[in-house]
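Coordinates as given in entry39.cif (mmCIF, C-alpha atoms):
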```cif
data_coords
#
loop_
_atom_site.group_PDB
_atom_site.id
_atom_site.type_symbol
_atom_site.label_atom_id
_atom_site.label_comp_id
_atom_site.auth_asym_id
_atom_site.auth_seq_id
_atom_site.Cartn_x
_atom_site.Cartn_y
_atom_site.Cartn_z
ATOM 1 C CA MET A 13 10.246 1.481 8.478
ATOM 2 C CA LEU A 14 10.304 0.840 12.221
ATOM 3 C CA GLY A 15 6.531 0.519 11.908
ATOM 4 C CA ALA A 16 6.824 -1.735 8.888
ATOM 5 C CA ARG A 17 9.109 -4.095 10.781
ATOM 6 C CA ILE A 18 6.905 -4.157 13.882
ATOM 7 C CA ALA A 19 3.918 -5.002 11.673
ATOM 8 C CA ASP A 20 6.083 -7.471 9.715
ATOM 9 C CA GLY A 21 5.218 -5.993 6.334
ATOM 10 C CA CYS A 22 4.753 -2.803 4.335
ATOM 11 C CA THR A 23 2.212 -1.508 1.851
ATOM 12 C CA SER A 24 3.382 -4.077 -0.676
ATOM 13 C CA GLY A 25 3.853 -7.007 1.690
ATOM 14 C CA HIS A 26 0.650 -6.629 3.673
ATOM 15 C CA GLY A 27 -1.327 -4.549 1.211
ATOM 16 C CA LEU A 28 -0.749 -6.203 -2.126
ATOM 17 C CA SER A 29 0.393 -9.732 -1.252
ATOM 18 C CA GLY A 30 -1.468 -10.084 2.034
ATOM 19 C CA MET A 31 -4.861 -8.753 1.029
ATOM 20 C CA ALA A 32 -4.842 -10.674 -2.250
ATOM 21 C CA GLN A 33 -4.333 -13.819 -0.161
ATOM 22 C CA LEU A 34 -7.287 -12.799 2.047
ATOM 23 C CA ALA A 35 -5.012 -12.684 5.108
ATOM 24 C CA VAL A 36 -6.895 -11.338 8.137
ATOM 25 C CA GLY A 37 -3.835 -9.819 9.816
ATOM 26 C CA SER A 38 -2.755 -8.041 6.627
ATOM 27 C CA THR A 39 -6.180 -6.463 6.227
ATOM 28 C CA VAL A 40 -5.992 -5.179 9.805
ATOM 29 C CA ALA A 41 -2.487 -3.817 9.150
ATOM 30 C CA VAL A 42 -3.566 -1.988 5.975
ATOM 31 C CA ALA A 43 -6.544 -0.438 7.775
ATOM 32 C CA ALA A 44 -4.130 0.753 10.481
ATOM 33 C CA MET A 45 -1.736 2.200 7.866
ATOM 34 C CA PHE A 46 -4.471 4.270 6.262
ATOM 35 C CA ALA A 47 -5.815 5.296 9.694
ATOM 36 C CA GLY A 48 -2.352 6.394 10.830
ATOM 37 C CA GLY A 49 -1.634 8.167 7.568
ATOM 38 C CA ILE A 50 -4.927 10.045 7.392
ATOM 39 C CA THR A 51 -4.744 11.045 11.081
ATOM 40 C CA THR A 52 -1.193 12.366 10.645
ATOM 41 C CA ALA A 53 -2.144 14.236 7.484
ATOM 42 C CA MET A 54 -5.145 15.838 9.200
ATOM 43 C CA LEU A 55 -3.177 16.797 12.321
ATOM 44 C CA LEU A 56 0.158 17.879 10.914
ATOM 45 C CA LEU A 57 -0.119 18.736 7.255
ATOM 46 C CA ARG A 58 -1.636 21.953 6.025
ATOM 47 C CA ARG A 59 -4.765 21.497 3.989
ATOM 48 C CA ILE A 60 -4.112 23.618 0.892
ATOM 49 C CA MET B 9 14.217 -23.022 -8.210
ATOM 50 C CA SER B 10 17.949 -22.435 -8.221
ATOM 51 C CA VAL B 11 19.372 -19.299 -6.626
ATOM 52 C CA THR B 12 20.349 -17.812 -10.011
ATOM 53 C CA LEU B 13 16.894 -18.344 -11.445
ATOM 54 C CA THR B 14 15.316 -16.852 -8.305
ATOM 55 C CA ILE B 15 17.470 -13.734 -8.682
ATOM 56 C CA ILE B 16 16.680 -13.389 -12.394
ATOM 57 C CA VAL B 17 12.940 -13.797 -11.805
ATOM 58 C CA GLY B 18 13.163 -11.336 -8.907
ATOM 59 C CA ILE B 19 14.900 -8.701 -11.033
ATOM 60 C CA ALA B 20 12.433 -9.194 -13.891
ATOM 61 C CA MET B 21 9.406 -8.889 -11.582
ATOM 62 C CA GLY B 22 10.990 -5.849 -9.897
ATOM 63 C CA ILE B 23 11.355 -4.125 -13.274
ATOM 64 C CA VAL B 24 7.719 -4.868 -14.133
ATOM 65 C CA PHE B 25 6.561 -3.631 -10.709
ATOM 66 C CA GLY B 26 8.678 -0.465 -10.909
ATOM 67 C CA PHE B 27 7.485 0.291 -14.437
ATOM 68 C CA ALA B 28 3.846 -0.138 -13.431
ATOM 69 C CA LEU B 29 4.365 1.965 -10.289
ATOM 70 C CA GLU B 30 5.838 4.794 -12.365
ATOM 71 C CA LYS B 31 3.080 4.649 -14.977
ATOM 72 C CA SER B 32 0.374 4.565 -12.306
ATOM 73 C CA ARG B 33 1.900 7.785 -10.844
ATOM 74 C CA VAL B 34 1.315 6.432 -7.339
ATOM 75 C CA PHE B 35 4.987 6.974 -6.470
ATOM 76 C CA GLU B 36 4.432 10.769 -6.688
ATOM 77 C CA PRO B 37 4.578 12.357 -3.211
ATOM 78 C CA GLY B 38 1.680 14.621 -4.220
ATOM 79 C CA ILE B 39 -0.511 11.593 -4.946
ATOM 80 C CA ILE B 40 0.441 9.810 -1.707
ATOM 81 C CA VAL B 41 -0.004 12.858 0.527
ATOM 82 C CA GLY B 42 -3.128 13.844 -1.439
ATOM 83 C CA GLN B 43 -4.593 10.421 -0.672
ATOM 84 C CA MET B 44 -3.884 10.808 3.029
ATOM 85 C CA GLN B 45 -5.467 14.281 2.954
ATOM 86 C CA LEU B 46 -8.401 12.759 1.057
ATOM 87 C CA ARG B 47 -7.843 15.283 -1.735
ATOM 88 C CA ASN B 48 -7.429 12.613 -4.387
ATOM 89 C CA PHE B 49 -7.983 8.880 -4.481
ATOM 90 C CA ILE B 50 -5.547 7.668 -7.154
ATOM 91 C CA MET B 51 -3.517 5.694 -4.617
ATOM 92 C CA LEU B 52 -6.561 3.875 -3.220
ATOM 93 C CA LYS B 53 -7.836 3.074 -6.719
ATOM 94 C CA VAL B 54 -4.503 1.736 -7.977
ATOM 95 C CA PHE B 55 -3.965 -0.153 -4.725
ATOM 96 C CA LEU B 56 -7.385 -1.824 -4.911
ATOM 97 C CA THR B 57 -6.853 -2.616 -8.600
ATOM 98 C CA ALA B 58 -3.549 -4.296 -7.768
ATOM 99 C CA VAL B 59 -5.162 -6.315 -4.949
ATOM 100 C CA ALA B 60 -8.017 -7.449 -7.221
ATOM 101 C CA THR B 61 -5.613 -8.417 -10.022
ATOM 102 C CA GLY B 62 -3.384 -10.259 -7.567
ATOM 103 C CA ALA B 63 -6.389 -12.072 -6.087
ATOM 104 C CA VAL B 64 -7.582 -13.282 -9.518
ATOM 105 C CA VAL B 65 -4.081 -14.439 -10.520
ATOM 106 C CA LEU B 66 -3.619 -16.226 -7.190
ATOM 107 C CA ALA B 67 -7.100 -17.746 -7.396
ATOM 108 C CA VAL B 68 -6.136 -19.375 -10.704
ATOM 109 C CA LEU B 69 -2.574 -20.358 -9.696
ATOM 110 C CA ASN B 70 -3.622 -21.679 -6.282
ATOM 111 C CA GLY B 71 -6.870 -23.205 -7.539
ATOM 112 C CA PHE B 72 -4.927 -25.317 -10.055
ATOM 113 C CA ASP B 73 -2.264 -26.074 -7.408
ATOM 114 C CA TYR B 74 0.641 -24.269 -9.059
ATOM 115 C CA VAL B 75 1.506 -22.175 -6.006
ATOM 116 C CA LYS B 76 1.022 -22.361 -2.241
ATOM 117 C CA LEU B 77 -0.341 -19.429 -0.244
ATOM 118 C CA GLN B 78 2.018 -17.802 2.231
ATOM 119 C CA PRO B 79 -0.164 -15.515 4.344
ATOM 120 C CA LYS B 80 1.490 -13.604 7.169
ATOM 121 C CA PRO B 81 0.409 -14.524 10.707
ATOM 122 C CA ALA B 82 -2.417 -12.412 12.138
ATOM 123 C CA ALA B 83 -0.617 -10.681 15.034
ATOM 124 C CA TYR B 84 -3.222 -7.997 15.678
ATOM 125 C CA ALA B 85 -1.370 -5.811 18.220
ATOM 126 C CA ALA B 86 1.758 -5.660 16.075
ATOM 127 C CA ASP B 87 -0.291 -5.168 12.912
ATOM 128 C CA ILE B 88 -2.214 -2.220 14.377
ATOM 129 C CA ILE B 89 0.669 -0.454 16.155
ATOM 130 C CA GLY B 90 3.133 -1.048 13.323
ATOM 131 C CA GLY B 91 0.502 -0.058 10.758
ATOM 132 C CA LEU B 92 -0.302 3.219 12.549
ATOM 133 C CA LEU B 93 3.419 4.083 12.789
ATOM 134 C CA LEU B 94 4.025 3.202 9.146
ATOM 135 C CA GLY B 95 0.975 5.220 8.039
ATOM 136 C CA ALA B 96 2.197 8.263 9.964
ATOM 137 C CA GLY B 97 5.607 7.895 8.319
ATOM 138 C CA ILE B 98 4.058 7.546 4.864
ATOM 139 C CA SER B 99 2.163 10.819 5.330
ATOM 140 C CA LEU B 100 5.200 12.710 6.629
ATOM 141 C CA ALA B 101 7.643 11.403 4.008
ATOM 142 C CA GLY B 102 5.193 11.345 1.106
ATOM 143 C CA ALA B 103 6.440 7.852 0.325
ATOM 144 C CA CYS B 104 5.971 4.260 1.392
ATOM 145 C CA PRO B 105 8.828 1.731 1.418
ATOM 146 C CA GLY B 106 8.318 0.608 -2.192
ATOM 147 C CA THR B 107 7.589 4.027 -3.671
ATOM 148 C CA THR B 108 10.748 5.512 -2.114
ATOM 149 C CA LEU B 109 12.761 3.366 -4.513
ATOM 150 C CA ALA B 110 10.569 4.399 -7.457
ATOM 151 C CA GLN B 111 11.033 8.058 -6.450
ATOM 152 C CA ILE B 112 14.816 7.604 -6.474
ATOM 153 C CA GLY B 113 14.560 5.957 -9.882
ATOM 154 C CA ALA B 114 12.431 8.829 -11.156
ATOM 155 C CA GLY B 115 15.034 11.347 -9.983
ATOM 156 C CA TYR B 116 13.610 12.730 -6.736
ATOM 157 C CA ARG B 117 16.799 13.483 -4.839
ATOM 158 C CA ASP B 118 15.108 13.984 -1.474
ATOM 159 C CA ALA B 119 13.891 10.375 -1.660
ATOM 160 C CA LEU B 120 17.511 9.325 -1.008
ATOM 161 C CA PHE B 121 17.122 10.789 2.484
ATOM 162 C CA THR B 122 13.810 8.984 2.928
ATOM 163 C CA LEU B 123 15.655 5.760 2.092
ATOM 164 C CA VAL B 124 18.468 6.513 4.574
ATOM 165 C CA GLY B 125 15.909 7.380 7.280
ATOM 166 C CA GLY B 126 14.005 4.182 6.526
ATOM 167 C CA LEU B 127 17.171 2.117 6.822
ATOM 168 C CA PHE B 128 17.865 3.749 10.197
ATOM 169 C CA GLY B 129 14.327 2.807 11.259
ATOM 170 C CA ALA B 130 14.864 -0.785 10.180
ATOM 171 C CA VAL B 131 18.193 -0.921 12.054
ATOM 172 C CA ALA B 132 16.551 0.629 15.127
ATOM 173 C CA TYR B 133 13.986 -2.163 15.042
ATOM 174 C CA SER B 134 16.743 -4.758 15.052
ATOM 175 C CA TYR B 135 18.070 -3.240 18.280
ATOM 176 C CA VAL B 136 14.697 -3.068 20.060
ATOM 177 C CA GLN B 137 13.418 -6.376 18.658
ATOM 178 C CA PRO B 138 14.710 -8.536 21.557
ATOM 179 C CA ALA B 139 12.919 -6.210 24.025
ATOM 180 C CA LEU B 140 9.732 -6.069 21.933
ATOM 181 C CA ALA B 141 9.653 -9.845 21.584
ATOM 182 C CA LYS B 142 9.030 -10.116 25.345
ATOM 183 C CA THR B 143 6.029 -7.747 25.194
ATOM 184 C CA PHE B 144 2.600 -8.183 23.611
ATOM 185 C CA LEU B 145 4.125 -7.048 20.299
ATOM 186 C CA GLY B 146 6.175 -10.216 20.077
ATOM 187 C CA GLN B 147 3.137 -12.486 19.991
ATOM 188 C CA ASN B 148 2.771 -14.695 16.973
ATOM 189 C CA GLY B 149 -0.704 -15.213 15.593
ATOM 190 C CA PRO B 150 -2.370 -17.907 13.494
ATOM 191 C CA LYS B 151 -2.102 -17.731 9.693
ATOM 192 C CA LEU B 152 -5.755 -16.860 9.291
ATOM 193 C CA ILE B 153 -7.358 -16.188 5.931
ATOM 194 C CA PHE B 154 -10.946 -15.007 5.479
ATOM 195 C CA SER B 155 -12.082 -17.827 3.201
ATOM 196 C CA ASN B 156 -10.982 -20.467 5.745
ATOM 197 C CA MET B 157 -12.960 -18.707 8.476
ATOM 198 C CA LEU B 158 -16.057 -19.023 6.271
ATOM 199 C CA GLY B 159 -15.231 -22.583 5.281
ATOM 200 C CA ALA B 160 -14.901 -21.698 1.596
ATOM 201 C CA PRO B 161 -12.041 -22.603 -0.767
ATOM 202 C CA TYR B 162 -9.452 -19.847 -1.265
ATOM 203 C CA TRP B 163 -10.133 -19.378 -4.970
ATOM 204 C CA ALA B 164 -13.826 -18.674 -4.314
ATOM 205 C CA GLY B 165 -13.003 -16.121 -1.630
ATOM 206 C CA ALA B 166 -10.414 -14.427 -3.839
ATOM 207 C CA LEU B 167 -12.835 -14.133 -6.761
ATOM 208 C CA VAL B 168 -15.520 -12.686 -4.457
ATOM 209 C CA LEU B 169 -12.984 -10.169 -3.110
ATOM 210 C CA ALA B 170 -12.037 -9.170 -6.665
ATOM 211 C CA ALA B 171 -15.703 -8.735 -7.614
ATOM 212 C CA VAL B 172 -16.391 -6.583 -4.526
ATOM 213 C CA ILE B 173 -13.330 -4.440 -5.298
ATOM 214 C CA VAL B 174 -14.491 -3.920 -8.900
ATOM 215 C CA VAL B 175 -17.850 -2.636 -7.599
ATOM 216 C CA ILE B 176 -16.066 -0.290 -5.155
ATOM 217 C CA LEU B 177 -13.758 0.930 -7.943
ATOM 218 C CA VAL B 178 -16.634 1.674 -10.310
ATOM 219 C CA GLY B 179 -18.294 3.653 -7.518
ATOM 220 C CA LEU B 180 -15.087 5.546 -6.628
ATOM 221 C CA GLU B 181 -14.429 6.376 -10.255
ATOM 222 C CA ALA B 182 -17.978 7.657 -10.809
ATOM 223 C CA TRP B 183 -17.692 9.775 -7.652
ATOM 224 C CA SER B 184 -14.217 11.166 -8.426
ATOM 225 C CA PRO B 185 -12.930 10.550 -12.003
ATOM 226 C CA TRP B 186 -9.159 9.969 -12.249
ATOM 227 C CA ARG B 187 -8.512 12.599 -14.910
ATOM 228 C CA GLY B 188 -9.507 15.325 -12.490
ATOM 229 C CA GLU B 189 -7.245 13.924 -9.775
ATOM 230 C CA MET B 190 -3.941 13.928 -11.635
ATOM 231 C CA GLY B 191 -3.312 17.687 -11.673
ATOM 232 C CA LYS B 192 -1.671 19.720 -14.393
ATOM 233 C CA ASP B 193 1.704 17.984 -14.128
ATOM 234 C CA VAL B 194 0.214 14.512 -13.509
ATOM 235 C CA ASP B 195 1.779 14.483 -10.046
ATOM 236 C CA GLY B 196 -1.342 14.851 -7.922
ATOM 237 C CA ASP B 197 -0.512 18.478 -7.147
ATOM 238 C CA LEU B 198 -3.989 19.951 -7.489
ATOM 239 C CA PRO B 199 -4.690 23.683 -7.719
ATOM 240 C CA ALA B 200 -5.182 25.124 -4.241
ATOM 241 C CA SER B 201 -8.077 27.535 -4.345
ATOM 242 C CA PRO B 202 -11.414 27.536 -6.208
ATOM 243 C CA PRO B 203 -10.449 30.522 -8.475
ATOM 244 C CA ALA B 204 -7.314 28.705 -9.640
ATOM 245 C CA ARG B 205 -9.474 25.697 -10.252
ATOM 246 C CA LYS B 206 -11.738 27.599 -12.632
ATOM 247 C CA ALA B 207 -8.749 28.999 -14.523
ATOM 248 C CA SER B 208 -7.419 25.501 -15.157
ATOM 249 C CA THR B 209 -8.305 23.928 -18.466
ATOM 250 C CA HIS B 210 -8.157 20.474 -16.951
ATOM 251 C CA PRO B 211 -11.276 18.760 -15.654
ATOM 252 C CA GLN B 212 -11.494 18.862 -11.882
ATOM 253 C CA PRO B 213 -12.680 16.241 -9.396
ATOM 254 C CA ALA B 214 -16.277 16.353 -8.299
ATOM 255 C CA GLU B 215 -15.947 16.826 -4.565
#
```
Translate this structure into structure tokens?
Amino acid sequence: MLGARIADGCTSGHGLSGMAQLAVGSTVAVAAMFAGGITTAMLLLRRI
Amino acid sequence: MSVTLTIIVGIAMGIVFGFALEKSRVFEPGIIVGQMQLRNFIMLKVFLTAVATGAVVLAVLNGFDYVKLQPKPAAYAADIIGGLLLGAGISLAGACPGTTLAQIGAGYRDALFTLVGGLFGAVAYSYVQPALAKTFLGQNGPKLIFSNMLGAPYWAGALVLAAVIVVILVGLEAWSPWRGEMGKDVDGDLPASPPARKASTHPQPAE
């Protein structure tokens, strides 16, 4: 949530509302969310 | 709109959103973590579907001047750093801010702790915000939208986006059909090893 507030929006705010409005910043934020999530999953979570 | 009407509309839309989120199964931690591990793609598919639907609805509403767009400012540094942090949190918690609430509603007790942790994070931001505002993270960007950059009307851009997403979705679905991605208990918890996979009577994703 610290991240969500720094980015000024979460998956719903940037992802759903922002991308549907073609907002450039929201698209960048969503790309960063997936990048951060996938990197964390690859580094820290066991691949079962 | 009066305050009462705003609250009533908000509650009604929240119920619709929560119902759809539950039915889409995207609130399941197994689906969210599975997406981040690239084991299943339900979350991406539902997410893209929601964006395309939203874009078409907004194209009509904005095209006929019923609503104004309210895009967030493009503050790239904050978007990237905040997005990376949020993504890491989503992977670790198996929930994003909206799905935490759906998980609580569906009876996942550990989601209560995700909510408490999230609230602590939001409070922590309030304390560091004055300091962050002085750094590059405090910069405010222009309210840029793609269609304006290309000199096209919003509704045209939104319809193009929706069409592109539909093509991507058809491709994703052909590559990895959703039935194989749900798992036995429709929670995204896929069988671990290839032998277990063969024993399952459910169709499996083509990987």
For this session: Select, from B:Tyr116, B:Phe27, B:Trp183, B:Phe144, the residue with the minimum atom-to-atom distance to chain A, counting all atoms listed in the file.
Result: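 Under the stated criterion, the closest residue is B:Phe144.
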Problem set entry | Reference answer for the PyMOL selection byres ((chain A and resi 42) around 8), as a list in words |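 Evaluating the PyMOL selection byres ((chain A and resi 42) around 8) on these coordinates yields Thr23, His26, Gly27, Ser38, Thr39, Val40, Ala41, Ala43, Ala44, Met45 and Phe46 of chain A; Gly91 of chain B.
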Problem set entry | Explicit residue set for the PyMOL selection byres ((chain B) within 6 of (chain A)), as a list in words | Met44, Gln45, Val59, Gly62, Ala63, Pro79, Ala82, Ala86, Asp87, Ile88, Gly90, Gly91, Leu92, Leu93, Leu94, Gly95, Ala96, Ser99, Gly126, Gly129, Ala130, Tyr133, Leu152, Ile153, Phe154 and Ala200 of chain B
For C-alpha atoms, I'd like the residues from the last selection saved as a PDB file, keeping the file's coordinate frame.
```pdb
ATOM      1  CA  MET B  44      -3.884  10.808   3.029  1.00  0.00           C
ATOM      2  CA  GLN B  45      -5.467  14.281   2.954  1.00  0.00           C
ATOM      3  CA  VAL B  59      -5.162  -6.315  -4.949  1.00  0.00           C
ATOM      4  CA  GLY B  62      -3.384 -10.259  -7.567  1.00  0.00           C
ATOM      5  CA  ALA B  63      -6.389 -12.072  -6.087  1.00  0.00           C
ATOM      6  CA  PRO B  79      -0.164 -15.515   4.344  1.00  0.00           C
ATOM      7  CA  ALA B  82      -2.417 -12.412  12.138  1.00  0.00           C
ATOM      8  CA  ALA B  86       1.758  -5.660  16.075  1.00  0.00           C
ATOM      9  CA  ASP B  87      -0.291  -5.168  12.912  1.00  0.00           C
ATOM     10  CA  ILE B  88      -2.214  -2.220  14.377  1.00  0.00           C
ATOM     11  CA  GLY B  90       3.133  -1.048  13.323  1.00  0.00           C
ATOM     12  CA  GLY B  91       0.502  -0.058  10.758  1.00  0.00           C
ATOM     13  CA  LEU B  92      -0.302   3.219  12.549  1.00  0.00           C
ATOM     14  CA  LEU B  93       3.419   4.083  12.789  1.00  0.00           C
ATOM     15  CA  LEU B  94       4.025   3.202   9.146  1.00  0.00           C
ATOM     16  CA  GLY B  95       0.975   5.220   8.039  1.00  0.00           C
ATOM     17  CA  ALA B  96       2.197   8.263   9.964  1.00  0.00           C
ATOM     18  CA  SER B  99       2.163  10.819   5.330  1.00  0.00           C
ATOM     19  CA  GLY B 126      14.005   4.182   6.526  1.00  0.00           C
ATOM     20  CA  GLY B 129      14.327   2.807  11.259  1.00  0.00           C
ATOM     21  CA  ALA B 130      14.864  -0.785  10.180  1.00  0.00           C
ATOM     22  CA  TYR B 133      13.986  -2.163  15.042  1.00  0.00           C
ATOM     23  CA  LEU B 152      -5.755 -16.860   9.291  1.00  0.00           C
ATOM     24  CA  ILE B 153      -7.358 -16.188   5.931  1.00  0.00           C
ATOM     25  CA  PHE B 154     -10.946 -15.007   5.479  1.00  0.00           C
ATOM     26  CA  ALA B 200      -5.182  25.124  -4.241  1.00  0.00           C
TER      27      ALA B 200
END
```
Taking all listed atoms of range 149-158 of chain B, build the axis-aligned box, pad each of the six sides by 8 Å, then write its centre and edge lengths in Å to one decimal as AutoDock Vina command-line options.
```
--center_x -8.4 --center_y -17.7 --center_z 9.4 --size_x 31.4 --size_y 21.5 --size_z 28.4
```
For this session: Take CA of Leu52 in chain B and CA of Leu177 in chain B and report the distance between them in Å, one decimal.
Result: 9.1 Å
Residues matched by the PyMOL selection byres ((chain B and resi 26) around 12) as a PDB file with C-alpha atoms, keeping the file's coordinate frame:
```
ATOM      1  CA  GLY B  18      13.163 -11.336  -8.907  1.00  0.00           C
ATOM      2  CA  ILE B  19      14.900  -8.701 -11.033  1.00  0.00           C
ATOM      3  CA  ALA B  20      12.433  -9.194 -13.891  1.00  0.00           C
ATOM      4  CA  MET B  21       9.406  -8.889 -11.582  1.00  0.00           C
ATOM      5  CA  GLY B  22      10.990  -5.849  -9.897  1.00  0.00           C
ATOM      6  CA  ILE B  23      11.355  -4.125 -13.274  1.00  0.00           C
ATOM      7  CA  VAL B  24       7.719  -4.868 -14.133  1.00  0.00           C
ATOM      8  CA  PHE B  25       6.561  -3.631 -10.709  1.00  0.00           C
ATOM      9  CA  PHE B  27       7.485   0.291 -14.437  1.00  0.00           C
ATOM     10  CA  ALA B  28       3.846  -0.138 -13.431  1.00  0.00           C
ATOM     11  CA  LEU B  29       4.365   1.965 -10.289  1.00  0.00           C
ATOM     12  CA  GLU B  30       5.838   4.794 -12.365  1.00  0.00           C
ATOM     13  CA  LYS B  31       3.080   4.649 -14.977  1.00  0.00           C
ATOM     14  CA  SER B  32       0.374   4.565 -12.306  1.00  0.00           C
ATOM     15  CA  ARG B  33       1.900   7.785 -10.844  1.00  0.00           C
ATOM     16  CA  VAL B  34       1.315   6.432  -7.339  1.00  0.00           C
ATOM     17  CA  PHE B  35       4.987   6.974  -6.470  1.00  0.00           C
ATOM     18  CA  GLY B 106       8.318   0.608  -2.192  1.00  0.00           C
ATOM     19  CA  THR B 107       7.589   4.027  -3.671  1.00  0.00           C
ATOM     20  CA  THR B 108      10.748   5.512  -2.114  1.00  0.00           C
ATOM     21  CA  LEU B 109      12.761   3.366  -4.513  1.00  0.00           C
ATOM     22  CA  ALA B 110      10.569   4.399  -7.457  1.00  0.00           C
ATOM     23  CA  GLN B 111      11.033   8.058  -6.450  1.00  0.00           C
ATOM     24  CA  ILE B 112      14.816   7.604  -6.474  1.00  0.00           C
ATOM     25  CA  GLY B 113      14.560   5.957  -9.882  1.00  0.00           C
ATOM     26  CA  ALA B 114      12.431   8.829 -11.156  1.00  0.00           C
TER      27      ALA B 114
END
```
Problem set entry | Between CA of Ile50 in chain B and CA of Ala67 in chain B, distance in Å (one decimal) |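 Here the two named atoms are 25.5 Å from each other.
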For this session: Could you tell me how far CA of Phe49 in chain B lies from CA of Trp186 in chain B, in Å and to one decimal?
Result: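 So the two atoms, CA of Phe49 in chain B and CA of Trp186 in chain B, lie 7.9 Å apart.
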For this session: Excluding Val194 in chain B and any residue of its chain fewer than 3 positions from it, enumerate the residues within 10 Å of it, using only C-alpha atoms, and give them as a VMD selection string.
Result: chain B and resid 33 36 38 to 39 187 to 191 197 to 198
Problem set entry | Spatial neighbours of Gln137 in chain B, max dist 10 Å, only C-alpha atoms, sep filter under 5 positions, as a PyMOL selection string | (chain A and resi 17-18) or (chain B and resi 131-132+142-143+145-146)
